[in-house]
Amino acid sequence: MKQTIKSARMITMGLITLCTMGLTSVTFAGVKTDDPVEVKFIGKIKNHPAIQLNLNNSEPGVYFINIKSTNYHILYSEIVEGTNLSRVFTLNLASDEFSTPGNMVRVEVTSEKTHKTEVYNISTLTGVAEKEGTTKL
């Protein structure tokens, strides 16, 4: 009888441990939110392409935003300051000019504090920004 009770206790403890470990693993699985910059093509506004830029920064800072065409002509430039910034940019491009294959828009976000530039290329074909690389000025 003592052996049966001891066995039941061990099985119960094992099941409690298994359930506890199984549930705690689920709580760590989540969406990655540590990406400081999110850029995406959201469609057209008044027949002009529109890009949404989200800066996911928890500390206030100053950022330089440059939007350039494929041949590096500046389409838009702005200096923004604050935390968790979100902007929608309507680009003054012809509808057919942006939708041609191989034509992309380059979005550069530079932090004044760290002097790191994050570069994103975006086209209507993919709909999402592709990160080109991080360079230090």
# chains A, B, ... in the order shown; residues from 1 in each chain; ligands from 1

$ residues_around --residues "segment 101-110 of chain A" --least-positions-apart "2" --cutoff "7 Å" --atoms "only C-alpha atoms" --output "number ranges by chain"
A: 63-70, 98-99, 112, 115-123

$ residues_around --residues "segment 80-85 of chain A" --least-positions-apart "6" --cutoff "9 Å" --atoms "only C-alpha atoms" --output "list in words"
Leu53, Asn54, Leu55, Asn56, Asn57, Ser58, Glu59, Pro60, Gly61, Val62, Tyr63, Phe64 and Ile65 of chain A

$ atom_distance --atom1 "atom CA of Phe89 of chain A" --atom2 "atom CA of Lys46 of chain A"
12.2 Å

$ atom_distance --atom1 "atom CA of His48 of chain A" --atom2 "atom CA of Leu91 of chain A"
6.1 Å

$ atom_distance --atom1 "atom CA of Thr114 of chain A" --atom2 "atom CA of Lys40 of chain A"
23.7 Å

$ select_by_dssp --residues "segment 30-111 of chain A" --states "strand (DSSP E)" --output "ChimeraX atom specification"
/A:37-45,48-55,61-68,74-82,85-90,105-111
